[in-house]
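Just target32.txt here, compact mmCIF, C-alpha atoms:
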# COMPACT_ATOMS: atom_id res chain seq x y z
CA GLY X 1 60.55 66.23 136.58
CA ALA X 2 59.03 69.75 136.60
CA VAL X 3 55.59 68.97 137.93
CA VAL X 4 53.29 71.83 138.87
CA SER X 5 50.14 71.18 140.88
CA GLN X 6 47.22 73.60 140.92
CA HIS X 7 44.31 73.40 143.31
CA PRO X 8 41.34 73.45 143.18
CA SER X 9 40.62 72.34 139.62
CA ARG X 10 37.12 73.78 139.67
CA VAL X 11 35.28 76.32 141.78
CA ILE X 12 31.65 77.39 141.61
CA CYS X 13 30.61 80.12 144.01
CA LYS X 14 28.30 83.04 144.55
CA SER X 15 29.05 86.60 143.52
CA GLY X 16 30.94 88.50 146.23
CA THR X 17 32.89 85.47 147.44
CA SER X 18 36.69 85.53 147.60
CA VAL X 19 38.42 82.52 146.06
CA LYS X 20 41.97 81.31 146.69
CA ILE X 21 43.87 79.22 144.14
CA GLU X 22 47.11 77.44 145.03
CA CYS X 23 50.02 76.66 142.73
CA ARG X 24 52.79 74.34 143.88
CA SER X 25 55.97 73.17 142.21
CA LEU X 26 56.31 69.58 143.42
CA ASP X 27 59.80 68.54 142.37
CA PHE X 28 61.73 71.76 141.81
CA GLN X 29 62.23 75.18 143.32
CA ALA X 30 60.33 77.85 141.44
CA THR X 31 62.10 81.19 141.63
CA THR X 32 59.38 82.72 139.49
CA MET X 33 55.71 81.89 139.12
CA PHE X 34 53.22 83.28 136.66
CA TRP X 35 49.44 83.60 136.67
CA TYR X 36 47.42 83.53 133.45
CA ARG X 37 43.81 83.81 132.38
CA GLN X 38 42.47 81.96 129.38
CA PHE X 39 39.10 82.56 127.73
CA PRO X 40 37.58 79.96 125.37
CA LYS X 41 39.44 79.74 122.06
CA GLN X 42 41.78 82.53 123.12
CA SER X 43 45.40 82.70 124.05
CA LEU X 44 46.83 82.67 127.54
CA MET X 45 46.90 86.22 128.87
CA LEU X 46 49.54 86.93 131.49
CA MET X 47 48.10 88.55 134.60
CA ALA X 48 51.14 88.83 136.84
CA THR X 49 54.67 87.65 137.48
CA SER X 50 55.64 86.63 140.98
CA ASN X 51 59.18 86.25 142.31
CA GLU X 52 59.68 84.48 145.62
CA GLY X 53 59.89 86.98 148.47
CA SER X 54 58.99 89.97 146.30
CA LYS X 55 55.81 91.79 145.38
CA ALA X 56 54.14 90.57 142.22
CA THR X 57 54.43 92.54 138.99
CA TYR X 58 51.02 92.98 137.39
CA GLU X 59 50.32 93.41 133.68
CA GLN X 60 48.62 96.53 132.45
CA GLY X 61 44.88 96.45 133.11
CA VAL X 62 45.03 93.84 135.87
CA GLU X 63 43.79 95.16 139.22
CA LYS X 64 46.26 94.26 141.96
CA ASP X 65 43.65 94.79 144.68
CA LYS X 66 41.30 92.42 142.89
CA PHE X 67 43.81 89.67 142.21
CA LEU X 68 46.04 89.23 145.25
CA ILE X 69 49.18 87.19 144.70
CA ASN X 70 51.41 85.74 147.39
CA HIS X 71 54.66 83.89 146.68
CA ALA X 72 55.93 83.15 150.16
CA SER X 73 58.12 80.14 149.38
CA LEU X 74 60.03 78.61 146.47
CA THR X 75 57.32 76.00 145.97
CA LEU X 76 54.04 77.84 146.57
CA SER X 77 52.20 80.79 145.09
CA THR X 78 48.57 81.71 145.68
CA LEU X 79 46.11 83.82 143.72
CA THR X 80 43.12 85.21 145.58
CA VAL X 81 40.25 86.62 143.54
CA THR X 82 38.62 89.04 145.94
CA SER X 83 34.89 89.75 145.87
CA ALA X 84 34.51 87.76 142.66
CA HIS X 85 31.81 88.70 140.15
CA PRO X 86 30.48 86.84 137.08
CA GLU X 87 32.91 88.68 134.79
CA ASP X 88 35.77 87.08 136.73
CA SER X 89 34.62 83.63 135.55
CA SER X 90 37.46 82.15 133.53
CA PHE X 91 40.16 79.48 133.37
CA TYR X 92 43.09 80.50 135.57
CA ILE X 93 46.43 78.78 135.00
CA CYS X 94 49.69 79.10 136.90
CA SER X 95 53.17 78.28 135.74
CA ALA X 96 56.55 78.00 137.43
CA SER X 97 60.09 78.54 136.28
CA ARG X 98 63.42 77.62 137.85
CA SER X 99 64.99 80.86 136.73
CA ARG X 100 64.20 84.50 137.37
CA ARG X 101 66.16 85.46 134.26
CA GLY X 102 67.30 83.58 131.23
CA ASN X 103 65.32 81.26 129.04
CA GLN X 104 64.14 78.40 131.20
CA PRO X 105 60.77 76.98 130.12
CA GLN X 106 57.69 77.59 132.20
CA HIS X 107 55.91 74.48 133.50
CA PHE X 108 52.16 74.76 133.87
CA GLY X 109 49.55 73.52 136.29
CA ASP X 110 46.31 72.03 135.01
CA GLY X 111 44.32 75.19 135.65
CA THR X 112 41.34 76.21 137.77
CA ARG X 113 37.93 76.66 136.18
CA LEU X 114 36.27 79.49 138.12
CA SER X 115 32.53 80.02 137.72
CA ILE X 116 30.86 82.88 139.57
CA LEU X 117 27.08 82.72 139.78
CA GLU T 1 54.62 95.67 119.72
CA ASP T 2 55.71 92.07 120.28
CA GLN T 3 53.30 89.66 118.63
CA VAL T 4 52.82 85.97 117.91
CA THR T 5 50.52 84.67 115.17
CA GLN T 6 49.75 81.00 114.62
CA SER T 7 48.24 79.38 111.56
CA PRO T 8 46.08 77.65 110.71
CA GLU T 9 43.58 78.12 113.54
CA ALA T 10 42.41 74.56 113.09
CA LEU T 11 43.75 71.58 111.15
CA ARG T 12 42.12 68.23 110.52
CA LEU T 13 44.38 65.38 109.37
CA GLN T 14 43.96 61.73 108.62
CA GLU T 15 46.12 59.38 110.64
CA GLY T 16 49.52 59.17 108.92
CA GLU T 17 49.04 62.42 106.98
CA SER T 18 52.05 64.63 107.75
CA SER T 19 51.72 68.42 107.98
CA SER T 20 53.18 71.56 109.53
CA LEU T 21 51.94 74.25 111.90
CA ASN T 22 53.23 77.81 111.60
CA CYS T 23 54.17 80.36 114.23
CA SER T 24 55.13 83.84 113.00
CA TYR T 25 56.55 86.29 115.46
CA THR T 26 57.55 89.91 115.78
CA VAL T 27 59.67 90.61 118.81
CA SER T 28 62.23 93.17 119.89
CA GLY T 29 65.02 90.63 120.33
CA LEU T 30 64.24 86.94 120.73
CA ARG T 31 65.45 85.20 123.86
CA GLY T 32 63.63 81.93 123.11
CA LEU T 33 60.67 80.40 121.29
CA PHE T 34 58.62 77.73 123.03
CA TRP T 35 56.16 75.13 121.81
CA TYR T 36 53.52 73.69 124.11
CA ARG T 37 50.73 71.17 123.72
CA GLN T 38 47.42 71.79 125.50
CA ASP T 39 44.69 69.21 125.95
CA PRO T 40 41.10 70.34 126.72
CA GLY T 41 40.67 71.50 130.32
CA LYS T 42 44.39 71.12 131.06
CA GLY T 43 47.40 73.37 131.33
CA PRO T 44 49.98 73.54 128.54
CA GLU T 45 52.62 70.79 128.41
CA PHE T 46 56.13 71.87 127.46
CA LEU T 47 57.48 70.43 124.19
CA PHE T 48 60.49 72.41 122.89
CA THR T 49 62.59 75.51 123.29
CA LEU T 50 64.41 77.03 120.31
CA TYR T 51 66.94 79.79 120.80
CA SER T 52 68.46 80.74 117.46
CA ALA T 53 67.68 80.67 113.75
CA GLY T 54 68.56 77.35 112.15
CA GLU T 55 68.01 75.37 115.32
CA GLU T 56 65.90 72.20 115.20
CA LYS T 57 64.50 69.97 117.95
CA GLU T 58 62.77 66.60 117.65
CA LYS T 59 60.60 64.49 119.90
CA GLU T 60 58.89 61.36 118.58
CA ARG T 61 56.68 62.49 115.65
CA LEU T 62 57.27 66.20 116.27
CA LYS T 63 60.03 68.40 114.90
CA ALA T 64 60.35 72.12 115.55
CA THR T 65 62.39 74.51 113.44
CA LEU T 66 63.20 78.20 113.77
CA THR T 67 64.02 81.08 111.42
CA LYS T 68 64.38 84.78 112.20
CA LYS T 69 60.67 85.37 111.55
CA GLU T 70 58.86 82.11 112.19
CA SER T 71 58.86 78.63 113.58
CA PHE T 72 57.34 75.46 112.21
CA LEU T 73 56.11 72.43 114.09
CA HIS T 74 56.25 69.48 111.72
CA ILE T 75 54.12 66.46 112.54
CA THR T 76 55.17 63.27 110.78
CA ALA T 77 52.67 60.41 110.42
CA PRO T 78 50.38 61.73 113.18
CA LYS T 79 48.26 59.49 115.37
CA PRO T 80 44.89 60.29 116.98
CA GLU T 81 46.65 60.83 120.32
CA ASP T 82 48.46 63.81 118.78
CA SER T 83 45.13 65.65 118.70
CA ALA T 84 45.44 68.77 120.88
CA THR T 85 45.93 72.53 120.69
CA TYR T 86 49.54 73.45 119.95
CA LEU T 87 50.67 76.75 121.39
CA CYS T 88 53.67 78.82 120.39
CA ALA T 89 55.17 81.44 122.71
CA VAL T 90 58.13 83.81 122.56
CA GLN T 91 60.28 85.19 125.28
CA ALA T 92 61.50 88.67 124.46
CA LEU T 93 64.40 90.73 125.67
CA TYR T 94 62.60 93.32 127.80
CA GLY T 95 65.79 94.83 129.13
CA GLY T 96 66.92 91.32 130.06
CA ALA T 97 65.11 91.29 133.42
CA THR T 98 62.17 89.03 132.83
CA ASN T 99 61.28 85.65 131.39
CA LYS T 100 57.61 86.23 130.61
CA LEU T 101 56.05 84.60 127.56
CA ILE T 102 53.85 86.02 124.81
CA PHE T 103 51.51 83.34 123.49
CA GLY T 104 49.81 82.86 120.15
CA THR T 105 46.21 81.70 120.00
CA GLY T 106 47.15 78.18 119.06
CA THR T 107 46.38 75.63 116.36
CA LEU T 108 43.71 73.06 117.14
CA LEU T 109 44.83 69.78 115.60
CA ALA T 110 42.42 66.90 115.09
CA VAL T 111 43.82 63.59 113.79
CA GLN T 112 41.21 61.16 112.60
CA PRO T 113 41.80 57.38 112.58

Do you think you could lay out the structure here as structure tokens?
Amino acid sequence: GAVVSQHPSRVICKSGTSVKIECRSLDFQATTMFWYRQFPKQSLMLMATSNEGSKATYEQGVEKDKFLINHASLTLSTLTVTSAHPEDSSFYICSASRSRRGNQPQHFGDGTRLSIL
Amino acid sequence: EDQVTQSPEALRLQEGESSSLNCSYTVSGLRGLFWYRQDPGKGPEFLFTLYSAGEEKEKERLKATLTKKESFLHITAPKPEDSATYLCAVQALYGGATNKLIFGTGTLLAVQP
């Protein structure tokens, strides 16, 4: 159990394009979902925490108008990178947790490789 | 500031050569420590959660242990399929209202046949 599906796995697009990434929990209800960025040989950096039905909480330095997060149901969260530029190229990974509090593990999707030309 | 440091950055082992990976942490109250395995181009795969000093968890060739300052991931008689990046993460007590993780940079393990 605890399968998280992320789509698409890879996106290549022109500068100025908006890109939407979907994250779905397939076999459990995800009260909380998380969005991360990972640069080569670096750690996962948390961008935002999203609770179902609430506004996302963004980490310091992450532009909320640039990275739009929607968590409309207990199984789906989306990240939209608006007007993407080459510096937004990265590996974006989502995770989902059954619990809003406590110490439940996060289960991760397989990531989206975003390349902005 | 809460921090997680993993060592070594990279480790090359011969098949069957046991070793340990280290995760040192500084956190204002530990809620849980998590180990993940990440293969290239994939998301992290959950391995273990440890909650208190002295706790141990095992899964096949892997064993995780926890003290008040660090955690070890022991790999016994590794096989080439154990090759991956192993990530450590801590969940801190930020006023008890969140379950976000702070990740280390990982240890890249290569097991040669």

Per residue of segment 43-66 of chain X within 10 Å of segment 76-86 of chain X, record the nearest atom pair and its distance in Å to one decimal, counting only C-alpha atoms, with rows in chain order and ascending residue number, as JSON lines.
{"residue": "X:Ala48", "atom": "CA", "partner": "X:Leu79", "partner_atom": "CA", "distance": 9.9}
{"residue": "X:Ser50", "atom": "CA", "partner": "X:Ser77", "partner_atom": "CA", "distance": 7.9}
{"residue": "X:Asn51", "atom": "CA", "partner": "X:Ser77", "partner_atom": "CA", "distance": 9.3}
{"residue": "X:Glu52", "atom": "CA", "partner": "X:Ser77", "partner_atom": "CA", "distance": 8.4}
{"residue": "X:Lys64", "atom": "CA", "partner": "X:Val81", "partner_atom": "CA", "distance": 9.8}
{"residue": "X:Asp65", "atom": "CA", "partner": "X:Thr82", "partner_atom": "CA", "distance": 7.7}
{"residue": "X:Lys66", "atom": "CA", "partner": "X:Thr82", "partner_atom": "CA", "distance": 5.3}

Got a sec to check which residues sit within 6 Å of (48.5, 77.0, 130.7), counting all atoms listed in the file, and write them as a list in words?
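Residues satisfying the cut-off, written out: Ile93 and Phe108 of chain X; Gly43 and Pro44 of chain T.
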
Near chain T, which residues of chain X fall within 10 Å when you count all atoms listed in the file, and what do they look like as a PyMOL selection string?
chain X and resi 2+4+6+9+32-34+41-46+48-49+91-95+97+99-113

Hey, can you spit out that residue selection with C-alpha atoms as an mmCIF file, in the frame of the given file?
data_model
loop_
_atom_site.group_PDB
_atom_site.id
_atom_site.type_symbol
_atom_site.label_atom_id
_atom_site.label_comp_id
_atom_site.auth_asym_id
_atom_site.auth_seq_id
_atom_site.Cartn_x
_atom_site.Cartn_y
_atom_site.Cartn_z
ATOM 1 C CA ALA X 2 59.030 69.750 136.600
ATOM 2 C CA VAL X 4 53.290 71.830 138.870
ATOM 3 C CA GLN X 6 47.220 73.600 140.920
ATOM 4 C CA SER X 9 40.620 72.340 139.620
ATOM 5 C CA THR X 32 59.380 82.720 139.490
ATOM 6 C CA MET X 33 55.710 81.890 139.120
ATOM 7 C CA PHE X 34 53.220 83.280 136.660
ATOM 8 C CA LYS X 41 39.440 79.740 122.060
ATOM 9 C CA GLN X 42 41.780 82.530 123.120
ATOM 10 C CA SER X 43 45.400 82.700 124.050
ATOM 11 C CA LEU X 44 46.830 82.670 127.540
ATOM 12 C CA MET X 45 46.900 86.220 128.870
ATOM 13 C CA LEU X 46 49.540 86.930 131.490
ATOM 14 C CA ALA X 48 51.140 88.830 136.840
ATOM 15 C CA THR X 49 54.670 87.650 137.480
ATOM 16 C CA PHE X 91 40.160 79.480 133.370
ATOM 17 C CA TYR X 92 43.090 80.500 135.570
ATOM 18 C CA ILE X 93 46.430 78.780 135.000
ATOM 19 C CA CYS X 94 49.690 79.100 136.900
ATOM 20 C CA SER X 95 53.170 78.280 135.740
ATOM 21 C CA SER X 97 60.090 78.540 136.280
ATOM 22 C CA SER X 99 64.990 80.860 136.730
ATOM 23 C CA ARG X 100 64.200 84.500 137.370
ATOM 24 C CA ARG X 101 66.160 85.460 134.260
ATOM 25 C CA GLY X 102 67.300 83.580 131.230
ATOM 26 C CA ASN X 103 65.320 81.260 129.040
ATOM 27 C CA GLN X 104 64.140 78.400 131.200
ATOM 28 C CA PRO X 105 60.770 76.980 130.120
ATOM 29 C CA GLN X 106 57.690 77.590 132.200
ATOM 30 C CA HIS X 107 55.910 74.480 133.500
ATOM 31 C CA PHE X 108 52.160 74.760 133.870
ATOM 32 C CA GLY X 109 49.550 73.520 136.290
ATOM 33 C CA ASP X 110 46.310 72.030 135.010
ATOM 34 C CA GLY X 111 44.320 75.190 135.650
ATOM 35 C CA THR X 112 41.340 76.210 137.770
ATOM 36 C CA ARG X 113 37.930 76.660 136.180
#

Considering only C-alpha atoms, return as a PyMOL selection string whatever protein or nucleic-acid residues lie within 10 Å of Glu81 of chain T, sequence-local ones (same chain, fewer than 4 positions apart) excluded.
chain T and resi 15+110-113

I'd like the neighbourhood of Glu1 of chain T as a ChimeraX atom specification, where a residue qualifies if any of its atoms comes within 12 Å (using all atoms listed in the file), though same-chain residues fewer than 5 positions away should be ignored.
/T:25-29,92,94,102

Would you be able to write out as a ChimeraX atom specification which residues have an atom within 6 Å of (40.9, 84.7, 131.2) in the file's coordinates, counting all atoms listed in the file?
/X:37-39,90-91

Please compute the atom CA of Lys14 of chain X-atom CA of Lys55 of chain X distance, one decimal, in Å.
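These atoms are spaced 28.9 Å apart.
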
At what distance in Å, to one decimal, does atom CA of Ser19 of chain T lie from atom CA of Lys68 of chain T?
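Atom-to-atom, atom CA of Lys68 of chain T and atom CA of Ser19 of chain T are spaced 21.1 Å apart.
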
Ser18 of chain T: which residues within 7 Å, counting all atoms listed in the file, same-chain residues fewer than 5 positions away excluded, as a VMD selection string?
chain T and resid 75 to 78

Around all the atoms of segment 25-33 of chain T listed in the file, draw an axis-aligned box and extend it by 8 Å on each of the six sides; I want its centre and edge lengths in Å to one decimal, as AutoDock Vina command-line options.
--center_x 61.0 --center_y 86.8 --center_z 119.7 --size_x 24.9 --size_y 28.8 --size_z 24.4

Can you measure atom CA of Trp35 of chain X to atom CA of Ala10 of chain T for me? One decimal in Å is fine.
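If I compute the distance from atom CA of Trp35 of chain X to atom CA of Ala10 of chain T, I get 26.2 Å.
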
T:Leu30, T:Ala84, T:Leu109, T:Leu62: which is nearest Ser7 of chain T, counting all atoms listed in the file?
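Once distances to Ser7 of chain T are computed over all atoms listed in the file, the minimum belongs to T:Leu109.
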
Neighbour list for segment 53-56 of chain T as a list in words, cut-off 8 Å, only C-alpha atoms, skip fewer than 4 positions in-chain:
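Using only C-alpha atoms, the neighbours found are Lys63, Ala64, Thr65, Leu66, Thr67 and Lys68 of chain T.
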
Go through X:Asp27, X:Met47, X:Ser15, X:Tyr36 one by one, measure the shortest atom-to-atom distance of each to Val62 of chain X using only C-alpha atoms, and give the residue with the smallest value.
X:Met47
